Number of protein chains: 2
Amino acid sequence: MPDQKSGQDTRERILDIAERLFMENGYEATSMRMITGAAEVNLAAVNYHFGSKEALLREVFRRRLSWLNGERLVALDKLEAQAGGAALKPSQILEAFFGTLLRMGEDESLGGMTFLRLLGRTLTEPAEFIRTFFAGEYAQVIDRYKLALFRALPDVPKAEIVWRLHFMLGAMSYAIAGTDVLQVVTGCGLGDLAGEGGSDGAGDTALARRLAQRLMPFLLGGLRAPLPQLLDVAHKPAVTHDGAGVQIHDSGINAQNQ
Amino acid sequence: MPDQKSGQDTRERILDIAERLFMENGYEATSMRMITGAAEVNLAAVNYHFGSKEALLREVFRRRLSWLNGERLVALDKLEAQAGGAALKPSQILEAFFGTLLRMGEDESLGGMTFLRLLGRTLTEPAEFIRTFFAGEYAQVIDRYKLALFRALPDVPKAEIVWRLHFMLGAMSYAIAGTDVLQVVTGCGLGDLAGEGGSDGAGDTALARRLAQRLMPFLLGGLRAPLPQLLDVAHKPAVTHDGAGVQIHDSGINAQNQ
DNA sequence: GTCTATAGGTGGATAGAC
DNA sequence: GTCTATCCACCTATAGAC
């Protein structure tokens, strides 16, 4: 850091502001000028520090995700060390994966709910460079947690576990995105705690904790649901998506092993 | 329709192309020129037929959502008529709400998986005009289904039901968006059936059906999960998100009433 | 590291002829 | 209803002085 003034300050200020604006408007709808204007830095400073708008977005995520996914690996390591070779309980695995994330929402120094919302909103962006970036950032963690779930649920087909991992990720990411129709239609729900835009109050901390309390049982219930009957028979769409599917034997799912 | 040529054809062609391109690139990253280029119509035609880019997006959704939400209301009416005053089973309600949507994915004339993906990707867009639009389109349906779920689960706090409705919407919308990290990280999952972009093959139909078979049990399992213990006590984040919560009495959740 | 100035391009929208 | 031509706001990125 050769010449003048703040340097590190400028970099961090740009990242903080970019994080908030990308969250509020999305990547495409946020211009460099909006960011530099709000951060009170020169337009050229962004390209000096990060190189391009794409690289800026990547850096906004990298500084949070490398911490998050590192913590997730540590949490899993710790659990597996405690278990001493035995399979983990699904609830432990979910707690390590989703709980670690949701706790970021309570910590402003880790981005708080601003980052959580940004993450939820960005995970469904179609832009190629974003998906490629996320794939790299998540590869190791997803792999480790997938294997842990396979071991925890040995009687559930692996493909089924992967599907349900999708669904769990979706339930969480949509919930933290906080953009869904229910928020506007009904007063009830996520909307009654945090303001719409980027309000960083004490309410956000409460929201993160409450969200965790609500979400975790839902995810666990979904993960442990009876397996579907896979019938590729009729052309008529199956009308019985009831709980009539194969019940997984109790020892594996409903009793001890939860 | 006064003067010349196709008229209706042009309108529909623009909508079809816009639907696909908005799905592939997102709203902001899709330009009017991309749309008119692919649809082989003049740039001015879009503004003539729809007035603006925002209005075009609204119309892309309106023609599908008015059908979808109409069907959802009909399905619920039918179920309630059959039940003759009794409360519906949660599985019936979910089937009517989510099954109706997922069946659109099997029908190319209703947009097929292209529309489903677009919907999943757009539900988390932060743009104000989009959220306002969705709120209006969904208001009636959400309200009716919320009440049906309240009646179906009289022992579950209404706030809890609304939260779980959020989570279910999220799991589904994320799954149909088909943009998540798992797709890229692992070969397993949603990615092994349909091509990434906008391929409209027979594979998409199979994908929609398979998705429904997998998703429905997951949602039902989450909806019927044991209630969380709501403890606003310690500052230490609760480490026991286990299934250790209050068990809802069997008659309401686990037995008949599924 | 910061700044001004600007290149070089693309965006949505419209006027007006046919 | 369709098309050409055009306006002009705004974008990302960079060159080059300090």
# chains A, B, ... in the order shown; residues from 1 in each chain; ligands from 1
>>> residues_around(residues="DC8 in chain D", least_positions_apart="3", cutoff="12 Å", atoms="only C-alpha atoms (C1' of nucleotides)", output="list of chain:residue names")
C:DT10, C:DG11, C:DG12, C:DA13, C:DT14
>>> closest_atom_pairs(of="chain B", to="chain A", cutoff="6 Å", atoms="only C-alpha atoms", output="tab-separated table")
residue	atom	partner	partner_atom	distance
B:Asn25	CA	A:Pro126	CA	5.8
B:Glu28	CA	A:Glu28	CA	5.8
B:Ser91	CA	A:Asp242	CA	5.5
B:Arg121	CA	A:Thr124	CA	5.7
B:Thr124	CA	A:Thr179	CA	5.4
B:Pro126	CA	A:Asn25	CA	5.8
B:Ala135	CA	A:Val181	CA	5.3
B:Ala139	CA	A:Val185	CA	5.6
B:Trp163	CA	A:Gly189	CA	5.8
B:Phe167	CA	A:Ala171	CA	4.6
B:Gly170	CA	A:Ala171	CA	4.3
B:Ala171	CA	A:Ala171	CA	4.1
B:Tyr174	CA	A:Gly170	CA	4.7
B:Thr179	CA	A:Thr124	CA	5.4
B:Val181	CA	A:Ala135	CA	5.3
B:Val184	CA	A:Ala135	CA	5.9
B:Val185	CA	A:Ala139	CA	5.6
B:Gly189	CA	A:Trp163	CA	5.8
B:Met216	CA	A:His241	CA	5.9
B:Phe218	CA	A:Gly222	CA	4.3
B:Gly221	CA	A:Gly222	CA	4.4
B:Gly222	CA	A:Gly222	CA	4.2
B:Ala225	CA	A:Gly221	CA	4.7
B:His241	CA	A:Met216	CA	5.9
B:Asp242	CA	A:Ser91	CA	5.5
>>> interface_residues(of="chain D", to="chain B", cutoff="12 Å", atoms="only C-alpha atoms (C1' of nucleotides)", output="PyMOL selection string")
chain D and resi 1-5
>>> atom_distance(atom1="CA of Gly111 in chain B", atom2="CA of Arg62 in chain B")
12.2 Å
>>> interface_residues(of="chain B", to="chain C", cutoff="9 Å", atoms="only C-alpha atoms (C1' of nucleotides)", output="VMD selection string")
chain B and resid 31 to 32 44 47 52 to 53
>>> write_last_selection(atoms="C-alpha atoms", output="PDB file, in the first residue's frame")
ATOM      1  CA  SER B  31     -32.480  -5.932 -23.257  1.00  0.00           C
ATOM      2  CA  MET B  32     -35.386  -5.060 -25.481  1.00  0.00           C
ATOM      3  CA  ALA B  44     -40.795  -0.316 -31.660  1.00  0.00           C
ATOM      4  CA  ASN B  47     -43.500  -0.526 -26.984  1.00  0.00           C
ATOM      5  CA  SER B  52     -42.656  -0.428 -21.698  1.00  0.00           C
ATOM      6  CA  LYS B  53     -40.216  -3.078 -20.620  1.00  0.00           C
TER       7      LYS B  53
END
